Amino acid sequence: MQLHTAVCDLLRIERPVGNAGMAGGTAGPALAAAVANAGGLGGLGGVSRRGPAGLRDDIRRTRELTGHPFSVNLWVHILPALPQLLDVCIEERVPSVTFTFGDAQPYVRRAKDAGIIVLHQVQTVAQARQAAAAGVDVIIAQGGEAGGHTGSVATMALVPQAVDTAAGVPVLAAGGIADGRGLVAALALGAQGVIMGTRFVAAEESEPPAYQHRERILAATADDTIWTDVFDIVDGIPWPWPEWIHGRTVRTEFAAEWHGREAELREQIAAIRAEATVPQEAPARAQSAYAGQASGLVRDVKPAAAIIDEIMREADEVLAQLPRP
Ligand SMILES: Cc1cc2nc3c(=O)[nH]c(=O)nc-3n(C[C@H](O)[C@H](O)[C@H](O)COP(=O)(O)O)c2cc1C
């Protein structure tokens, strides 16, 4: 059996699984194209230190690697300062964009008028309602167990409430999903598919720039992450995050040392950054390891296509084994 939901037809994909468009290079053209070529929704990170010109290059490179649709991830809270990121997506006529971390309403019409499918990742029920009213095509309900920047409502509670409030707009689930059990659970909650980040950091095609990022995920369990601002302070991104958003990361030694002491960290940050040997980068000990509570389900590094094959096979097995009346 091949699981195929209505959102697959809307997005022109075969399998209801996508990778998160992880910023900073992690989800670059190689990963987005590998997922797209495997029949899933390829996600291309739209935000990096390379700015709009780097994004244009990445979109073109992705197109060289795949003829299938993919989605460019854009952080809403930086678009007022960097509107060129959306301009590039429109000029390059990308198949879809995924807005996240704020109210996408000011940008939805412009993207849709350009023929771009609009996904919006939300962290609360109120945002899901707002996204549906703004006319987005797909809502991604991201639970607080997700890796990377996320809110506090758990996937298990958020997804069905987002579905109920979405007025028929299809919902994808994100956060805490890394295998076929999670995919089936998401479908049972009313989602039409899943977006995974942590699992795909351990895809061969991802390019996590952070020190020992994959190794830390492979070693972690659900107990080993924290939700913190420590690495935002280290990264020094000039645009403030919405107040409901913090970063979920493996609790590295550095994170454990500074979580809860953010004011002191801000005072020390210049000295810590000065330890760096690579310009623009934090020293290895202060690099993030963004990952979610599903880390304990990630046990190997393999090609994205093999990850998707496995999750689809597992989902079939789980469905076959579910107790029936
Ligand atoms: C390393 C990493 C980087 C991420 N970067 C982004 C990002 O740039 N934009 C975004 O919308 N979400 C980002 N996320 C969150 C994902 O979109 C997604 O919601 C999350 O990974 C799903 O939960 P999971 O990690 O349990 O699969 C990131 C996640 C990780 C693990």
# chains A, B, ... in the order shown; residues from 1 in each chain; ligands from 1
>>> residues_near_ligand(ligand="ligand 1", cutoff="6 Å", atoms="only C-alpha atoms and all ligand atoms", output="count of residues only")
24
>>> residues_around(residues="Ile195 in chain A", least_positions_apart="6", cutoff="7 Å", atoms="only C-alpha atoms", output="PyMOL selection string")
chain A and resi 17-20+172-174
>>> residues_around(residues="Gly247 in chain A", least_positions_apart="6", cutoff="12 Å", atoms="only C-alpha atoms", output="PyMOL selection string")
chain A and resi 101+144-152+225-233+235+241+255+259+288-292
>>> residues_around(residues="range 103-118 of chain A", least_positions_apart="6", cutoff="7 Å", atoms="only C-alpha atoms", output="list in words")
Val76, Ile90, Val94, Pro95, Ser96, Val97, Ala134, Val136, Asp137 and Val138 of chain A
>>> closest_residue(among="A:Gly46, A:Thr221, A:Asp87, A:Ala33", to="Arg61 in chain A", atoms="only C-alpha atoms")
A:Ala33
>>> select_by_dssp(residues="range 195-251 of chain A", states="strand (DSSP E)", output="JSON, numbers by chain")
{"A": [195, 196, 225, 226, 227, 228, 246, 247, 248, 249, 250]}
>>> write_last_selection(atoms="N, CA, C and O atoms", output="PDB file, in the first residue's frame")
ATOM      1  N   ILE A 195       6.380  16.844   8.327  1.00  0.00           N
ATOM      2  CA  ILE A 195       7.644  17.499   8.016  1.00  0.00           C
ATOM      3  C   ILE A 195       8.622  17.109   9.124  1.00  0.00           C
ATOM      4  O   ILE A 195       8.298  17.243  10.311  1.00  0.00           O
ATOM      5  N   MET A 196       9.792  16.640   8.736  1.00  0.00           N
ATOM      6  CA  MET A 196      10.788  16.221   9.732  1.00  0.00           C
ATOM      7  C   MET A 196      12.068  17.043   9.558  1.00  0.00           C
ATOM      8  O   MET A 196      12.524  17.266   8.433  1.00  0.00           O
ATOM      9  N   THR A 225      17.435  17.188  25.308  1.00  0.00           N
ATOM     10  CA  THR A 225      17.341  18.499  24.647  1.00  0.00           C
ATOM     11  C   THR A 225      16.844  19.548  25.637  1.00  0.00           C
ATOM     12  O   THR A 225      16.206  19.212  26.637  1.00  0.00           O
ATOM     13  N   ILE A 226      17.160  20.815  25.335  1.00  0.00           N
ATOM     14  CA  ILE A 226      16.569  21.931  26.088  1.00  0.00           C
ATOM     15  C   ILE A 226      16.069  22.978  25.109  1.00  0.00           C
ATOM     16  O   ILE A 226      16.449  23.000  23.938  1.00  0.00           O
ATOM     17  N   TRP A 227      15.222  23.859  25.636  1.00  0.00           N
ATOM     18  CA  TRP A 227      14.564  24.919  24.855  1.00  0.00           C
ATOM     19  C   TRP A 227      15.140  26.222  25.380  1.00  0.00           C
ATOM     20  O   TRP A 227      14.871  26.591  26.525  1.00  0.00           O
ATOM     21  N   THR A 228      15.937  26.872  24.581  1.00  0.00           N
ATOM     22  CA  THR A 228      16.811  27.907  25.147  1.00  0.00           C
ATOM     23  C   THR A 228      17.130  29.010  24.144  1.00  0.00           C
ATOM     24  O   THR A 228      17.006  28.816  22.934  1.00  0.00           O
ATOM     25  N   HIS A 246      11.631  29.762  21.070  1.00  0.00           N
ATOM     26  CA  HIS A 246      13.001  29.542  21.565  1.00  0.00           C
ATOM     27  C   HIS A 246      13.573  28.361  20.778  1.00  0.00           C
ATOM     28  O   HIS A 246      12.845  27.692  20.045  1.00  0.00           O
ATOM     29  N   GLY A 247      14.862  28.103  20.944  1.00  0.00           N
ATOM     30  CA  GLY A 247      15.511  27.080  20.138  1.00  0.00           C
ATOM     31  C   GLY A 247      15.680  25.760  20.890  1.00  0.00           C
ATOM     32  O   GLY A 247      16.239  25.738  21.991  1.00  0.00           O
ATOM     33  N   ARG A 248      15.180  24.654  20.292  1.00  0.00           N
ATOM     34  CA  ARG A 248      15.402  23.351  20.934  1.00  0.00           C
ATOM     35  C   ARG A 248      16.678  22.732  20.372  1.00  0.00           C
ATOM     36  O   ARG A 248      16.843  22.577  19.162  1.00  0.00           O
ATOM     37  N   THR A 249      17.569  22.385  21.269  1.00  0.00           N
ATOM     38  CA  THR A 249      18.898  21.903  20.920  1.00  0.00           C
ATOM     39  C   THR A 249      19.307  20.769  21.854  1.00  0.00           C
ATOM     40  O   THR A 249      18.797  20.686  22.975  1.00  0.00           O
ATOM     41  N   VAL A 250      20.189  19.917  21.369  1.00  0.00           N
ATOM     42  CA  VAL A 250      20.805  18.963  22.286  1.00  0.00           C
ATOM     43  C   VAL A 250      21.529  19.778  23.362  1.00  0.00           C
ATOM     44  O   VAL A 250      22.146  20.816  23.072  1.00  0.00           O
TER      45      VAL A 250
END
>>> select_by_dssp(residues="range 6-242 of chain A", states="alpha helix (DSSP H)", output="CSV table (one decimal) with N, CA, C and O atoms, in the first residue's frame")
chain,number,residue,atom,x,y,z
A,6,ALA,N,-4.6,13.9,0.2
A,6,ALA,CA,-5.0,15.0,-0.7
A,6,ALA,C,-3.9,16.0,-0.9
A,6,ALA,O,-3.7,16.6,-2.0
A,7,VAL,N,-3.2,16.3,0.2
A,7,VAL,CA,-2.2,17.4,0.1
A,7,VAL,C,-1.0,17.0,-0.9
A,7,VAL,O,-0.4,17.8,-1.4
A,8,CYS,N,-0.9,15.7,-1.1
A,8,CYS,CA,0.2,15.2,-2.1
A,8,CYS,C,-0.2,15.7,-3.5
A,8,CYS,O,0.7,16.2,-4.2
A,9,ASP,N,-1.5,15.7,-3.8
A,9,ASP,CA,-1.9,16.2,-5.1
A,9,ASP,C,-1.7,17.7,-5.2
A,9,ASP,O,-1.3,18.2,-6.2
A,10,LEU,N,-2.1,18.4,-4.1
A,10,LEU,CA,-1.9,19.8,-4.1
A,10,LEU,C,-0.5,20.2,-4.3
A,10,LEU,O,-0.1,21.1,-5.1
A,11,LEU,N,0.4,19.5,-3.6
A,11,LEU,CA,1.9,19.9,-3.7
A,11,LEU,C,2.6,19.2,-4.8
A,11,LEU,O,3.8,19.4,-5.0
A,29,PRO,N,20.6,22.6,-1.4
A,29,PRO,CA,20.1,22.0,-2.6
A,29,PRO,C,20.2,20.5,-2.6
A,29,PRO,O,19.3,19.8,-3.1
A,30,ALA,N,21.3,19.9,-2.1
A,30,ALA,CA,21.4,18.5,-2.2
A,30,ALA,C,20.3,17.8,-1.4
A,30,ALA,O,19.8,16.8,-1.9
A,31,LEU,N,20.0,18.3,-0.2
A,31,LEU,CA,19.0,17.6,0.6
A,31,LEU,C,17.6,17.8,0.0
A,31,LEU,O,16.8,16.9,-0.1
A,32,ALA,N,17.3,19.1,-0.3
A,32,ALA,CA,16.0,19.4,-0.9
A,32,ALA,C,15.7,18.6,-2.1
A,32,ALA,O,14.7,18.0,-2.3
A,33,ALA,N,16.8,18.5,-3.0
A,33,ALA,CA,16.6,17.7,-4.2
A,33,ALA,C,16.5,16.2,-4.0
A,33,ALA,O,15.7,15.5,-4.6
A,34,ALA,N,17.2,15.7,-3.0
A,34,ALA,CA,17.2,14.3,-2.7
A,34,ALA,C,15.8,13.9,-2.2
A,34,ALA,O,15.2,12.8,-2.6
A,35,VAL,N,15.2,14.7,-1.4
A,35,VAL,CA,13.9,14.4,-0.8
A,35,VAL,C,12.8,14.6,-2.0
A,35,VAL,O,11.9,13.7,-2.1
A,36,ALA,N,13.0,15.6,-2.8
A,36,ALA,CA,12.0,15.8,-3.9
A,36,ALA,C,12.1,14.6,-4.9
A,36,ALA,O,11.1,14.1,-5.3
A,37,ASN,N,13.3,14.2,-5.2
A,37,ASN,CA,13.5,13.0,-6.1
A,37,ASN,C,13.0,11.7,-5.5
A,37,ASN,O,12.6,10.8,-6.3
A,51,GLY,N,22.7,35.4,2.3
A,51,GLY,CA,21.7,36.4,1.9
A,51,GLY,C,20.9,36.1,0.6
A,51,GLY,O,20.9,34.9,0.1
A,52,PRO,N,20.2,37.1,0.1
A,52,PRO,CA,19.4,36.8,-1.1
A,52,PRO,C,20.2,36.3,-2.3
A,52,PRO,O,19.6,35.4,-3.0
A,53,ALA,N,21.4,36.7,-2.6
A,53,ALA,CA,22.1,36.2,-3.7
A,53,ALA,C,22.5,34.7,-3.5
A,53,ALA,O,22.4,33.9,-4.5
A,54,GLY,N,22.8,34.3,-2.3
A,54,GLY,CA,23.0,32.9,-2.0
A,54,GLY,C,21.8,32.1,-2.2
A,54,GLY,O,21.8,31.0,-2.7
A,55,LEU,N,20.6,32.7,-1.8
A,55,LEU,CA,19.4,31.9,-1.9
A,55,LEU,C,19.1,31.7,-3.4
A,55,LEU,O,18.7,30.6,-3.8
A,56,ARG,N,19.3,32.7,-4.3
A,56,ARG,CA,19.1,32.6,-5.7
A,56,ARG,C,19.9,31.4,-6.2
A,56,ARG,O,19.5,30.6,-7.0
A,57,ASP,N,21.2,31.4,-5.8
A,57,ASP,CA,22.1,30.3,-6.3
A,57,ASP,C,21.6,29.0,-5.9
A,57,ASP,O,21.6,28.0,-6.6
A,58,ASP,N,21.1,28.9,-4.6
A,58,ASP,CA,20.6,27.6,-4.1
A,58,ASP,C,19.4,27.2,-4.8
A,58,ASP,O,19.2,26.0,-5.1
A,59,ILE,N,18.5,28.1,-5.1
A,59,ILE,CA,17.3,27.7,-5.9
A,59,ILE,C,17.7,27.2,-7.3
A,59,ILE,O,17.2,26.1,-7.7
A,60,ARG,N,18.6,27.9,-7.9
A,60,ARG,CA,19.0,27.4,-9.3
A,60,ARG,C,19.7,26.1,-9.2
A,60,ARG,O,19.4,25.2,-10.0
A,61,ARG,N,20.5,25.9,-8.2
A,61,ARG,CA,21.2,24.6,-8.0
A,61,ARG,C,20.2,23.5,-7.7
A,61,ARG,O,20.3,22.3,-8.3
A,62,THR,N,19.2,23.8,-6.9
A,62,THR,CA,18.2,22.7,-6.6
A,62,THR,C,17.5,22.3,-7.9
A,62,THR,O,17.3,21.1,-8.1
A,63,ARG,N,17.2,23.3,-8.7
A,63,ARG,CA,16.5,23.0,-10.0
A,63,ARG,C,17.4,22.1,-10.9
A,63,ARG,O,16.9,21.3,-11.7
A,64,GLU,N,18.7,22.3,-10.8
A,64,GLU,CA,19.6,21.5,-11.6
A,64,GLU,C,19.6,20.0,-11.1
A,64,GLU,O,19.8,19.1,-11.9
A,65,LEU,N,19.3,19.9,-9.8
A,65,LEU,CA,19.3,18.5,-9.3
A,65,LEU,C,18.0,17.8,-9.3
A,65,LEU,O,18.0,16.6,-9.1
A,84,GLN,N,14.1,41.1,0.2
A,84,GLN,CA,14.6,40.5,-1.1
A,84,GLN,C,14.6,39.0,-1.1
A,84,GLN,O,14.6,38.4,-2.2
A,85,LEU,N,14.5,38.4,0.1
A,85,LEU,CA,14.4,36.9,0.1
A,85,LEU,C,13.1,36.5,-0.6
A,85,LEU,O,13.1,35.5,-1.4
A,86,LEU,N,12.0,37.1,-0.3
A,86,LEU,CA,10.8,36.8,-1.0
A,86,LEU,C,10.8,37.2,-2.4
A,86,LEU,O,10.3,36.5,-3.3
A,87,ASP,N,11.4,38.4,-2.7
A,87,ASP,CA,11.5,38.8,-4.1
A,87,ASP,C,12.2,37.7,-4.9
A,87,ASP,O,11.8,37.4,-6.1
A,88,VAL,N,13.3,37.2,-4.4
A,88,VAL,CA,14.1,36.2,-5.1
A,88,VAL,C,13.2,34.9,-5.4
A,88,VAL,O,13.2,34.4,-6.5
A,89,CYS,N,12.4,34.5,-4.4
A,89,CYS,CA,11.5,33.4,-4.6
A,89,CYS,C,10.5,33.7,-5.7
A,89,CYS,O,10.2,32.8,-6.6
A,90,ILE,N,10.0,34.9,-5.8
A,90,ILE,CA,9.0,35.2,-6.8
A,90,ILE,C,9.7,35.3,-8.2
A,90,ILE,O,9.2,34.8,-9.2
A,91,GLU,N,10.9,36.0,-8.2
A,91,GLU,CA,11.6,36.1,-9.5
A,91,GLU,C,12.0,34.7,-10.1
A,91,GLU,O,11.9,34.5,-11.3
A,105,GLN,N,0.6,37.0,7.0
A,105,GLN,CA,-0.5,37.6,6.2
A,105,GLN,C,0.0,38.7,5.2
A,105,GLN,O,-0.5,38.7,4.1
A,106,PRO,N,0.9,39.6,5.6
A,106,PRO,CA,1.4,40.6,4.7
A,106,PRO,C,2.0,40.1,3.4
A,106,PRO,O,2.1,40.8,2.4
A,107,TYR,N,2.4,38.8,3.4
A,107,TYR,CA,3.2,38.2,2.3
A,107,TYR,C,2.4,37.2,1.4
A,107,TYR,O,2.8,36.8,0.3
A,108,VAL,N,1.3,36.7,2.0
A,108,VAL,CA,0.6,35.6,1.4
A,108,VAL,C,0.1,35.9,0.0
A,108,VAL,O,0.3,35.2,-1.0
A,109,ARG,N,-0.6,37.1,-0.1
A,109,ARG,CA,-1.3,37.5,-1.4
A,109,ARG,C,-0.2,37.6,-2.5
A,109,ARG,O,-0.4,37.1,-3.6
A,110,ARG,N,0.9,38.3,-2.1
A,110,ARG,CA,1.9,38.5,-3.1
A,110,ARG,C,2.5,37.2,-3.7
A,110,ARG,O,2.6,37.0,-4.9
A,111,ALA,N,2.7,36.3,-2.8
A,111,ALA,CA,3.3,35.0,-3.2
A,111,ALA,C,2.2,34.2,-4.1
A,111,ALA,O,2.6,33.7,-5.1
A,112,LYS,N,1.0,34.2,-3.6
A,112,LYS,CA,0.0,33.5,-4.3
A,112,LYS,C,-0.3,34.1,-5.7
A,112,LYS,O,-0.5,33.4,-6.7
A,113,ASP,N,-0.3,35.4,-5.7
A,113,ASP,CA,-0.5,36.1,-7.0
A,113,ASP,C,0.6,35.7,-8.0
A,113,ASP,O,0.4,35.8,-9.2
A,125,VAL,N,-2.6,27.5,18.2
A,125,VAL,CA,-3.9,27.3,17.6
A,125,VAL,C,-4.3,28.7,17.0
A,125,VAL,O,-4.9,28.7,15.8
A,126,ALA,N,-4.1,29.8,17.7
A,126,ALA,CA,-4.5,31.1,17.2
A,126,ALA,C,-3.8,31.4,15.9
A,126,ALA,O,-4.4,32.0,14.9
A,127,GLN,N,-2.5,31.0,15.8
A,127,GLN,CA,-1.8,31.3,14.5
A,127,GLN,C,-2.4,30.4,13.4
A,127,GLN,O,-2.4,30.8,12.2
A,128,ALA,N,-2.8,29.2,13.7
A,128,ALA,CA,-3.4,28.3,12.7
A,128,ALA,C,-4.7,29.0,12.1
A,128,ALA,O,-4.9,29.0,10.9
A,129,ARG,N,-5.5,29.6,13.0
A,129,ARG,CA,-6.7,30.3,12.6
A,129,ARG,C,-6.3,31.5,11.7
A,129,ARG,O,-6.9,31.7,10.7
A,130,GLN,N,-5.3,32.2,12.2
A,130,GLN,CA,-4.9,33.4,11.4
A,130,GLN,C,-4.4,33.0,10.0
A,130,GLN,O,-4.7,33.7,9.0
A,131,ALA,N,-3.6,31.9,10.0
A,131,ALA,CA,-3.1,31.4,8.7
A,131,ALA,C,-4.2,31.0,7.7
A,131,ALA,O,-4.1,31.4,6.5
A,132,ALA,N,-5.2,30.3,8.3
A,132,ALA,CA,-6.3,29.9,7.4
A,132,ALA,C,-7.0,31.1,6.9
A,132,ALA,O,-7.4,31.2,5.7
A,133,ALA,N,-7.2,32.1,7.8
A,133,ALA,CA,-7.9,33.3,7.3
A,133,ALA,C,-7.1,34.1,6.3
A,133,ALA,O,-7.7,34.8,5.4
A,134,ALA,N,-5.8,34.0,6.4
A,134,ALA,CA,-4.9,34.7,5.4
A,134,ALA,C,-4.9,34.1,4.1
A,134,ALA,O,-4.3,34.6,3.1
A,155,THR,N,3.0,18.6,19.9
A,155,THR,CA,2.5,18.2,18.6
A,155,THR,C,1.1,17.5,18.8
A,155,THR,O,0.2,17.7,18.1
A,156,MET,N,1.1,16.6,19.8
A,156,MET,CA,-0.1,15.7,20.1
A,156,MET,C,-1.3,16.6,20.3
A,156,MET,O,-2.4,16.2,20.0
A,157,ALA,N,-1.1,17.7,21.0
A,157,ALA,CA,-2.3,18.6,21.3
A,157,ALA,C,-2.5,19.6,20.1
A,157,ALA,O,-3.6,20.0,19.8
A,158,LEU,N,-1.4,20.1,19.5
A,158,LEU,CA,-1.5,21.2,18.5
A,158,LEU,C,-2.2,20.7,17.2
A,158,LEU,O,-3.0,21.4,16.7
A,159,VAL,N,-1.8,19.5,16.8
A,159,VAL,CA,-2.2,19.1,15.4
A,159,VAL,C,-3.7,19.0,15.3
A,159,VAL,O,-4.3,19.6,14.4
A,160,PRO,N,-4.4,18.2,16.2
A,160,PRO,CA,-5.8,18.1,16.0
A,160,PRO,C,-6.5,19.4,16.2
A,160,PRO,O,-7.5,19.7,15.5
A,161,GLN,N,-6.0,20.3,17.1
A,161,GLN,CA,-6.7,21.6,17.3
A,161,GLN,C,-6.4,22.5,16.1
A,161,GLN,O,-7.3,23.3,15.7
A,162,ALA,N,-5.3,22.4,15.5
A,162,ALA,CA,-5.0,23.1,14.2
A,162,ALA,C,-5.9,22.6,13.1
A,162,ALA,O,-6.5,23.4,12.4
A,163,VAL,N,-6.1,21.3,13.1
A,163,VAL,CA,-7.0,20.7,12.0
A,163,VAL,C,-8.4,21.3,12.3
A,163,VAL,O,-9.1,21.7,11.3
A,164,ASP,N,-8.9,21.3,13.5
A,164,ASP,CA,-10.2,21.7,13.8
A,164,ASP,C,-10.4,23.2,13.5
A,164,ASP,O,-11.5,23.6,13.1
A,165,THR,N,-9.4,24.0,13.6
A,165,THR,CA,-9.5,25.4,13.4
A,165,THR,C,-9.2,25.9,12.0
A,165,THR,O,-9.4,27.0,11.7
A,180,GLY,N,7.9,5.6,11.1
A,180,GLY,CA,6.6,5.3,10.6
A,180,GLY,C,5.5,5.4,11.7
A,180,GLY,O,4.3,5.7,11.4
A,181,ARG,N,5.9,5.1,12.9
A,181,ARG,CA,4.9,5.3,14.0
A,181,ARG,C,4.4,6.7,14.1
A,181,ARG,O,3.2,7.0,14.3
A,182,GLY,N,5.4,7.6,14.0
A,182,GLY,CA,5.0,9.1,14.1
A,182,GLY,C,4.2,9.5,12.9
A,182,GLY,O,3.2,10.3,13.1
A,183,LEU,N,4.5,9.0,11.7
A,183,LEU,CA,3.6,9.3,10.5
A,183,LEU,C,2.2,8.9,10.7
A,183,LEU,O,1.3,9.6,10.5
A,184,VAL,N,2.0,7.6,11.1
A,184,VAL,CA,0.7,7.1,11.3
A,184,VAL,C,-0.1,7.9,12.4
A,184,VAL,O,-1.2,8.2,12.3
A,185,ALA,N,0.7,8.2,13.5
A,185,ALA,CA,0.0,9.0,14.6
A,185,ALA,C,-0.4,10.3,14.1
A,185,ALA,O,-1.5,10.8,14.4
A,186,ALA,N,0.4,11.0,13.3
A,186,ALA,CA,0.1,12.3,12.7
A,186,ALA,C,-1.2,12.2,11.8
A,186,ALA,O,-2.1,13.0,11.9
A,187,LEU,N,-1.3,11.1,11.0
A,187,LEU,CA,-2.4,10.9,10.2
A,187,LEU,C,-3.7,10.7,11.1
A,187,LEU,O,-4.8,11.3,10.8
A,188,ALA,N,-3.5,10.0,12.1
A,188,ALA,CA,-4.6,9.7,13.0
A,188,ALA,C,-5.1,11.0,13.7
A,188,ALA,O,-6.3,11.2,14.0
A,198,THR,N,14.9,16.9,12.5
A,198,THR,CA,15.9,16.2,13.2
A,198,THR,C,16.4,15.0,12.4
A,198,THR,O,17.5,14.7,12.2
A,199,ARG,N,15.4,14.2,11.9
A,199,ARG,CA,15.7,13.0,11.2
A,199,ARG,C,16.6,13.3,10.0
A,199,ARG,O,17.5,12.5,9.6
A,200,PHE,N,16.3,14.4,9.3
A,200,PHE,CA,17.0,14.7,8.1
A,200,PHE,C,18.3,15.4,8.3
A,200,PHE,O,19.1,15.5,7.3
A,201,VAL,N,18.6,15.9,9.5
A,201,VAL,CA,20.0,16.3,9.8
A,201,VAL,C,20.9,15.1,9.6
A,201,VAL,O,22.0,15.3,9.1
A,213,HIS,N,27.2,18.2,15.0
A,213,HIS,CA,25.8,18.2,15.1
A,213,HIS,C,25.1,16.8,15.0
A,213,HIS,O,24.3,16.4,15.8
A,214,ARG,N,25.5,16.1,13.9
A,214,ARG,CA,24.9,14.8,13.7
A,214,ARG,C,25.3,13.8,14.9
A,214,ARG,O,24.5,13.0,15.3
A,215,GLU,N,26.6,13.9,15.2
A,215,GLU,CA,27.1,13.0,16.3
A,215,GLU,C,26.3,13.2,17.6
A,215,GLU,O,25.9,12.2,18.3
A,216,ARG,N,26.0,14.4,17.9
A,216,ARG,CA,25.2,14.7,19.1
A,216,ARG,C,23.8,14.2,19.0
A,216,ARG,O,23.2,13.7,20.0
A,217,ILE,N,23.2,14.3,17.8
A,217,ILE,CA,21.8,13.7,17.7
A,217,ILE,C,21.8,12.2,17.8
A,217,ILE,O,21.0,11.6,18.5
A,218,LEU,N,22.8,11.6,17.2
A,218,LEU,CA,22.9,10.1,17.2
A,218,LEU,C,23.1,9.6,18.7
A,218,LEU,O,22.6,8.5,19.0
A,219,ALA,N,23.7,10.4,19.5
A,219,ALA,CA,24.0,10.0,20.9
A,219,ALA,C,22.9,10.4,21.8
A,219,ALA,O,22.8,9.9,23.0
A,230,VAL,N,20.2,30.4,24.4
A,230,VAL,CA,21.7,30.5,24.5
A,230,VAL,C,22.4,30.6,23.1
A,230,VAL,O,23.2,31.5,22.9
A,231,PHE,N,21.9,29.8,22.1
A,231,PHE,CA,22.6,29.9,20.8
A,231,PHE,C,22.2,31.0,19.9
A,231,PHE,O,22.9,31.5,19.1
A,232,ASP,N,21.0,31.6,20.2
A,232,ASP,CA,20.6,32.9,19.6
A,232,ASP,C,21.6,34.0,20.0
A,232,ASP,O,22.0,34.8,19.2
A,233,ILE,N,21.9,34.0,21.3
A,233,ILE,CA,22.9,35.0,21.8
A,233,ILE,C,24.2,34.8,21.2
A,233,ILE,O,24.9,35.7,20.7
A,234,VAL,N,24.7,33.5,21.0
A,234,VAL,CA,26.0,33.2,20.4
A,234,VAL,C,25.9,33.6,18.9
A,234,VAL,O,26.9,34.3,18.5
A,235,ASP,N,24.8,33.3,18.2
A,235,ASP,CA,24.8,33.6,16.8
A,235,ASP,C,24.6,35.1,16.5
A,235,ASP,O,25.0,35.5,15.4
>>> atom_distance(atom1="CA of Ala154 in chain A", atom2="CA of Val72 in chain A")
24.7 Å
>>> atom_distance(atom1="CA of Lys302 in chain A", atom2="CA of Ser206 in chain A")
10.1 Å
>>> closest_residue(among="A:Pro240, A:Gly296, A:Pro209, A:Gly39", to="Ile78 in chain A", atoms="only C-alpha atoms")
A:Pro240
>>> atom_distance(atom1="CA of Gly193 in chain A", atom2="CA of Pro16 in chain A")
4.5 Å
>>> decode(residues="range 259-272 of chain A", atoms="N, CA and C atoms", output="PDB file, in the first residue's frame")
ATOM      1  N   HIS A 259      22.554  28.056  30.015  1.00  0.00           N
ATOM      2  CA  HIS A 259      21.087  28.144  30.047  1.00  0.00           C
ATOM      3  C   HIS A 259      20.659  28.625  31.434  1.00  0.00           C
ATOM      4  N   GLY A 260      19.839  29.679  31.470  1.00  0.00           N
ATOM      5  CA  GLY A 260      19.436  30.262  32.755  1.00  0.00           C
ATOM      6  C   GLY A 260      20.343  31.401  33.197  1.00  0.00           C
ATOM      7  N   ARG A 261      21.455  31.573  32.501  1.00  0.00           N
ATOM      8  CA  ARG A 261      22.397  32.668  32.831  1.00  0.00           C
ATOM      9  C   ARG A 261      22.597  33.557  31.600  1.00  0.00           C
ATOM     10  N   GLU A 262      21.469  33.830  30.896  1.00  0.00           N
ATOM     11  CA  GLU A 262      21.572  34.507  29.602  1.00  0.00           C
ATOM     12  C   GLU A 262      22.139  35.928  29.728  1.00  0.00           C
ATOM     13  N   ALA A 263      21.774  36.637  30.811  1.00  0.00           N
ATOM     14  CA  ALA A 263      22.282  38.019  30.955  1.00  0.00           C
ATOM     15  C   ALA A 263      23.812  37.999  31.071  1.00  0.00           C
ATOM     16  N   GLU A 264      24.304  37.061  31.846  1.00  0.00           N
ATOM     17  CA  GLU A 264      25.761  36.933  32.020  1.00  0.00           C
ATOM     18  C   GLU A 264      26.426  36.540  30.692  1.00  0.00           C
ATOM     19  N   LEU A 265      25.745  35.637  29.956  1.00  0.00           N
ATOM     20  CA  LEU A 265      26.293  35.208  28.656  1.00  0.00           C
ATOM     21  C   LEU A 265      26.418  36.417  27.714  1.00  0.00           C
ATOM     22  N   ARG A 266      25.391  37.267  27.725  1.00  0.00           N
ATOM     23  CA  ARG A 266      25.454  38.459  26.854  1.00  0.00           C
ATOM     24  C   ARG A 266      26.686  39.294  27.195  1.00  0.00           C
ATOM     25  N   GLU A 267      27.013  39.386  28.480  1.00  0.00           N
ATOM     26  CA  GLU A 267      28.188  40.174  28.872  1.00  0.00           C
ATOM     27  C   GLU A 267      29.486  39.513  28.418  1.00  0.00           C
ATOM     28  N   GLN A 268      29.495  38.180  28.368  1.00  0.00           N
ATOM     29  CA  GLN A 268      30.730  37.440  28.056  1.00  0.00           C
ATOM     30  C   GLN A 268      30.888  37.147  26.561  1.00  0.00           C
ATOM     31  N   ILE A 269      29.850  37.456  25.773  1.00  0.00           N
ATOM     32  CA  ILE A 269      29.793  36.877  24.440  1.00  0.00           C
ATOM     33  C   ILE A 269      30.939  37.331  23.530  1.00  0.00           C
ATOM     34  N   ALA A 270      31.381  38.576  23.697  1.00  0.00           N
ATOM     35  CA  ALA A 270      32.471  39.053  22.827  1.00  0.00           C
ATOM     36  C   ALA A 270      33.727  38.221  23.071  1.00  0.00           C
ATOM     37  N   ALA A 271      34.017  37.936  24.329  1.00  0.00           N
ATOM     38  CA  ALA A 271      35.216  37.155  24.659  1.00  0.00           C
ATOM     39  C   ALA A 271      35.087  35.721  24.134  1.00  0.00           C
ATOM     40  N   ILE A 272      33.881  35.156  24.230  1.00  0.00           N
ATOM     41  CA  ILE A 272      33.675  33.777  23.746  1.00  0.00           C
ATOM     42  C   ILE A 272      33.838  33.745  22.221  1.00  0.00           C
TER      43      ILE A 272
END
